[in-house]
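What follows is a short report on a single structure.
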Amino acid sequence: MTTTVWWIRRDLRLRDNPALLAACAGGCVLPVFVLDRGILDGRLHRHATRRRAFLFDGLRVLDTDLQALGSRLFVLAGRPLEVLREVLAVSGARAIHAAEDFSPYARQRDAAIARELPLQLHPGLTVHHPGQVLSKQNAPYTIFTPFYRAWRALGSPGIPCPAPKWLPLPAICLRAEPLPVALGNPDFPAGEAEALRRMDSFLAGPVSAYALQRDVPAVAGTSTLSPYLRFGMVSPRTAAHQVTALGEGSGAETWLKELVWREFYLSVIYHFPRVMQGAFNPRLRAVRWRDAPADLAAWQQGRTGYPIVDAFMRQLLATGWMHNRGRMIVASFLSKDLLLDWRHGEQWFMDHLLDGDPAANNGGWQWAAGVGTDAAPYFRIFNPVLQGGKFDPHGTFIRQYVPELVEVPLRYLQQPWTMPPLEQALCGVELGQAYPRPIVEHAMVKPRTLEAYKASQAAYGD
DNA sequence: TGAAATGTTGGGGCG
DNA sequence: ACGCCCCAACATTTC
């Protein structure tokens, strides 16, 4: 029997996994995950303790799932090239199969490995390969809607393939790394079974009201699948196939679009890797962002004095996840109200989001800051008071995550600084004590932001 | 996947 | 009956 390596990276699943199936075709399979020191110690991931814990939990579950097939997971630490070279030497394997990834780091890593080792890449991270979703002129899209049309024109997502029934292990001995003790996140238990359970329950109910309810954070109207898609605990093809099977409901179509947004930003990073360095729009690369560490810290900790902003920022710290409406609101606040470099926000999200993914995170931030592909116009500035009133009309969400405001009457909840002193005393919220005063006045900052963006455009001179 | 300012329209109260 | 004004509702423009 020949031996083949299944190199797991961000596809922690047994179902609908082309790389795994390809490895199976070769006889014995050696499932390997490399704890990449380059990633774990690198700038983007050094602080991502929660996401790392979620990954470790996922690896532990995958190991259990593999054992049910007569196999197991080998977690090895080091530099991927050296680790894999050693694995091939010890096992005598003749091929390594993995799912293709599109971040600049991953592509560089895989190209270097493929020069030396028999690495074969397979689809799985997206439904359609970014190199396949192109305009008639063979150009990549930079606007979502045409990308979406072209993506759909490529046909139905296809039928997910089954998990292997049995995975024979080669009779070799590898020195595997013990995984750190599980931390466990009660809001997001890791693993493929949990991912499928979430997807099924979302598609059995909330999806039908998704177009309306996805914007209301106090309602469980979203799928909360993002951390699972991030680590491939469910495949995007499975999600797209299942939601397509529901038919033409508006909720289903809206959710499918969200799956395609994910592929849009993976395509952007694939075709324009430079977005990792700065604004896609060259005219907005010279914005003079403010240097205000205290304001950045207030934003990070959820102490800006704007309840809807603070509630979402605290949701991120408390759970490792943030509702999508919240991501737009807090990102607009950081870049447009505080006029702080959106890359600080990008970094903070990467440090704290379970679903933190370079492509989607970078794309979302560039969109919100108005500097990216198909971005919100730079003069579109969210009013946190109006956004809060619109999407958290009963204050349920704010009161959940900003408990010091629990007693504040609804009419003041979005703007507690308007509370007369008597009211403050009555509900026990003294402004500047229990809850901060607003660190900026929204109405005042708009011209400042417009000037800064205009100045950048003028400096570009076109 | 804004918000605010400005413009337009049409119903109804009223002299 | 008619013109006038007010104003809400909606549309358009601007940032």
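Labeling convention for the structure tokens: chains A, B, ... as they appear, residues from 1 per chain, ligands from 1 in order of appearance.
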
Mind dumping a table of every chain B residue within 12 Å of chain A, with the nearest atom pair and its distance in Å to one decimal, using only C-alpha atoms (C1' of nucleotides), sorted by chain and rising number, as a Markdown table?
```
| residue | atom | partner | partner_atom | distance |
| --- | --- | --- | --- | --- |
| B:DT1 | C1' | A:Arg325 | CA | 8.2 |
| B:DG2 | C1' | A:Arg380 | CA | 5.4 |
| B:DA3 | C1' | A:Asn383 | CA | 7.3 |
| B:DA4 | C1' | A:Ala443 | CA | 10.7 |
```

Excluding stretch 10-13 of chain B and its own-chain neighbours fewer than 4 positions away, which residues fall within 10 Å of it when counting only C-alpha atoms (C1' of nucleotides)? Please give them as a list in words.
DC5, DC6, DC7, DA8 and DA9 of chain C

Expressed in Å to a single decimal, how great is the separation between atom CA of A:Ala458 and atom CA of A:Arg283?
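Pair atom CA of A:Ala458 / atom CA of A:Arg283 returns 8.0 Å.
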
Surrounding residues of B:DT6 excluding itself and chain neighbours under 2 positions, 10 Å, only C-alpha atoms (C1' of nucleotides), as a ChimeraX atom specification:
/B:4,8 /C:12-14

Do a neighbour search on stretch 403-414 of chain A at 8 Å with only C-alpha atoms (C1' of nucleotides), toss out local chain neighbours closer than 6 positions, and write the hits as a count of residues only.
14

What are the closest atom pairs, with distances in Å to one decimal, for all residues of stretch 202-243 of chain A lying within 9 Å of stretch 53-73 of chain A? Consider only C-alpha atoms, order rows by chain and residue number, and present the result as JSON lines.
```
{"residue": "A:Pro227", "atom": "CA", "partner": "A:Phe54", "partner_atom": "CA", "distance": 8.5}
{"residue": "A:Phe231", "atom": "CA", "partner": "A:Leu55", "partner_atom": "CA", "distance": 7.4}
{"residue": "A:Met233", "atom": "CA", "partner": "A:Gly58", "partner_atom": "CA", "distance": 8.0}
```

Store the residues picked out above in a file with C-alpha atoms, as a CSV table (one decimal), in the first residue's frame.
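Result file part.csv:
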```csv
chain,number,residue,atom,x,y,z
A,227,PRO,CA,-15.8,30.9,12.3
A,231,PHE,CA,-11.5,26.9,9.3
A,233,MET,CA,-15.4,22.9,9.3
```

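One finds atom CA of A:Leu259 at 15.9 Å from atom CA of A:Ser208.
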
Selection: 8 Å around A:Asn185, only C-alpha atoms (C1' of nucleotides), excl. self and same-chain fewer than 3 positions, as number ranges by chain:
A: 54, 188-189, 319

Can you list every residue in stretch 77-308 of chain A that DSSP puts in alpha helix (DSSP H), as JSON, numbers by chain?
{"A": [80, 81, 82, 83, 84, 85, 86, 87, 88, 89, 90, 91, 104, 105, 106, 107, 108, 109, 110, 111, 112, 113, 114, 115, 116, 144, 145, 146, 147, 148, 149, 150, 151, 152, 153, 192, 193, 194, 195, 196, 197, 198, 199, 200, 201, 202, 203, 204, 210, 211, 212, 213, 226, 227, 228, 229, 230, 236, 237, 238, 239, 240, 241, 242, 243, 244, 245, 250, 251, 252, 253, 254, 255, 256, 257, 258, 259, 260, 261, 262, 263, 264, 265, 266, 267, 268, 269, 270, 271, 293, 294, 295, 296, 297, 298, 299, 300, 301, 307, 308]}

Residues at most 8 Å from A:Ala331, counting only C-alpha atoms (C1' of nucleotides), excluding those fewer than 5 positions away in the same chain, as a ChimeraX atom specification?
/A:342,345,365,368-369
